[in-house]
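Written out below as structure tokens is the structure these notes cover.
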Amino acid sequence: MAVSFDNEHIALLTQHGKERVIAPVLEPLLHCRIEHVSGYDTDQLGSFSRDIARPGSQLEAARRKAQIGMRLSGLPLGLASEGSFGPDPFTGMFLWNIEMVVLIDSRHDLEIVGIAQGQARSADKLVNNWEAAATVASLAGFPEHQMMLRPDHADDPRVCKGIADWESLQQQFALTLAQSASGQVFIESDLRAHANPTRMENIRLATIDLGKRLSSYCPQCATPGYGPVKAITGLPCGSCHRPTSLARGEQWHCNRCGHDETIWRSDIKEADPRHCDHCNP
């Protein structure tokens with residue numbers, strides 16, 4: 001199926017400045033124009049300040065945003081991104097960020113998703129004095145990474161968002177502490193994209209992944225979006241030759257025709273023994 005994005009206009013619904021990292025990646029690659037769509041409060045689909053819970057999955061939320069952007073703009077192509085946070089997949093001790101950027105092409109009934117992930121820059125704590133709050137903010141990368149404050153506990157609906165400088169943080173801390181019945185303030189990272197440069201970088205990387213998939217065509221039906229969907233583990237240890245948890249290949253899949261292919265790694269044949277559960281238990 002011949003699909004081209006040359007000179008196409010693609011709607012991007014966002015109110016958090018994501019066009020700043022998405023457009024510079026896709027416009028030169030696809031020779032398209034990213035049209036920033038506003039006028040819709042995307043926080044209504046779920047917010048990282050926990051005001052509104054996100055219904056459905058991360059992908060479903062990104063898909064809804066893209067579809068709303070297409071409807072508002074009248075364009076047949078739409079883009080949107082959605083993030084999620086949870087424990088890291090290695091130790092479970094750190095906050096982990098997964099970003100998805102989805103492109104929907106209603107002309108060809110296509111949906112293609114780019115993904116990137118990594119450790120989040122984040123901190124949160126219940127504190128009762130300014131010095132402790134300032135320590136948490138410093139650990140979170142403030143002021144580049146913005147902060148939020150709530151009186152009493154992590155789920156108090158009285159939230160002050162988007163605090164971006166030390167003077168404002170100290171003033172808002174005093175005001176929030178005065179609102180608190182327990183004499184405590186919950187300080188936490190603002191995880192909205194425009195307030196968190198680490199998350200914005202992951203959105204950029206997810207867009208790069210999307211671009212790679214859009215430039216990868218299925219060998220069976222020539223549809224773009226052909227790419228890896230599953231890692232095949234078992235790269236042998238260089239010392240004992242037992243299988244490790246490292247990938248020795250990837251399973252590639254086409255969503256259009258269902259074609260599958262295993263791509264084996266060519267860059268490395270053996271794993272460092274430090275990744276082997278037998279040699280390094």
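Order determines the names: the first chain of the structure tokens is A, the second B, and so forth; residues in each chain are numbered 1 upward, and ligands are numbered 1 upward as they are shown.
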
Handout entry: Contact residues around stretch 141-152 of chain A with only C-alpha atoms at 10 Å, ignoring same-chain residues under 5 positions, as number ranges by chain
Key = A: 49, 121-124, 126-128, 133-136, 157-166, 169, 172-173, 175-199

Practice task
Check the smallest atom-to-atom distance from each of A:Gly83, A:Pro243, A:Gly69, A:Gly92 to A:Arg204 using only C-alpha atoms, then report the winner.
Solution key: A:Gly83

Problem - Contacts of A:Ala80 at 6 Å (only C-alpha atoms; same-chain gap of 2+ positions) as a VMD selection string - result: chain A and resid 12 62 65 to 66 101 to 102

Exercise for the section: Go through stretch 24-260 of chain A and collect every residue that DSSP, computed from the backbone, puts in strand (DSSP E); the answer should be as a ChimeraX atom specification. Expected result: /A:33-37,77-87,95-105,110-119,124-127,147-151,160-163,185-189,227-233,247-253,260

Exercise for the section: Go through stretch 98-272 of chain A and collect every residue that DSSP, computed from the backbone, puts in alpha helix (DSSP H); the answer should be as a PyMOL selection string. Expected result: chain A and resi 130-139+166-179+197-214

Practice task
Can you work out which one of A:Ile115, A:Ser84, A:His9, A:Arg274 has the shortest atom-to-atom distance to A:Ile208, counting only C-alpha atoms?
Solution key: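 Looking only at the distances to A:Ile208, the closest residue turns out to be A:Ile115.
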
Problem - Pick from A:Arg63, A:Arg256, A:His16, A:Lys212, whichever lies nearest to A:Gly114 using only C-alpha atoms - result: A:Lys212

Handout entry: Proximity to A:Gly118 - best of A:Pro219, A:Pro87, A:Pro228, A:Gly78, only C-alpha atoms
Key =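 Of A:Pro219, A:Pro87, A:Pro228, A:Gly78, the one nearest A:Gly118 is A:Pro87, counting only C-alpha atoms.
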
Practice task
Kindly give the distance, in Å, that separates atom CA of A:His278 and atom CA of A:Pro89, rounded to a single decimal.
Solution key: 20.7 Å

Practice task
With a distance cut-off of 12 Å and only C-alpha atoms, select the neighbouring residues of A:Ile52, excluding the residue or stretch itself and same-chain residues fewer than 6 positions from it, and output the selection as a PyMOL selection string.
Solution key: chain A and resi 41-46+155+157

Practice task
State, in Å with one decimal place, the distance from atom CA of A:Leu205 to atom CA of A:Ala116.
Solution key: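 Atom-to-atom, atom CA of A:Leu205 to atom CA of A:Ala116, that is 5.7 Å.
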
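Computed from the coordinates, the atom CA of A:Leu95 to atom CA of A:Asn202 distance equals 13.8 Å.
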
Problem - A:Gly258 environment, 10 Å, only C-alpha atoms, sequence neighbours closer than 6 positions dropped, as a ChimeraX atom specification - result: /A:218,220-221,226,252

Handout entry: Test item: residues at most 12 Å from A:Ser266, only C-alpha atoms, excluding those fewer than 4 positions along its chain, as a list of chain:residue names
Key =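 Close residues of A:Ser266: A:Leu235, A:Ala247, A:Arg248, A:Gly249, A:Glu250, A:Glu270.
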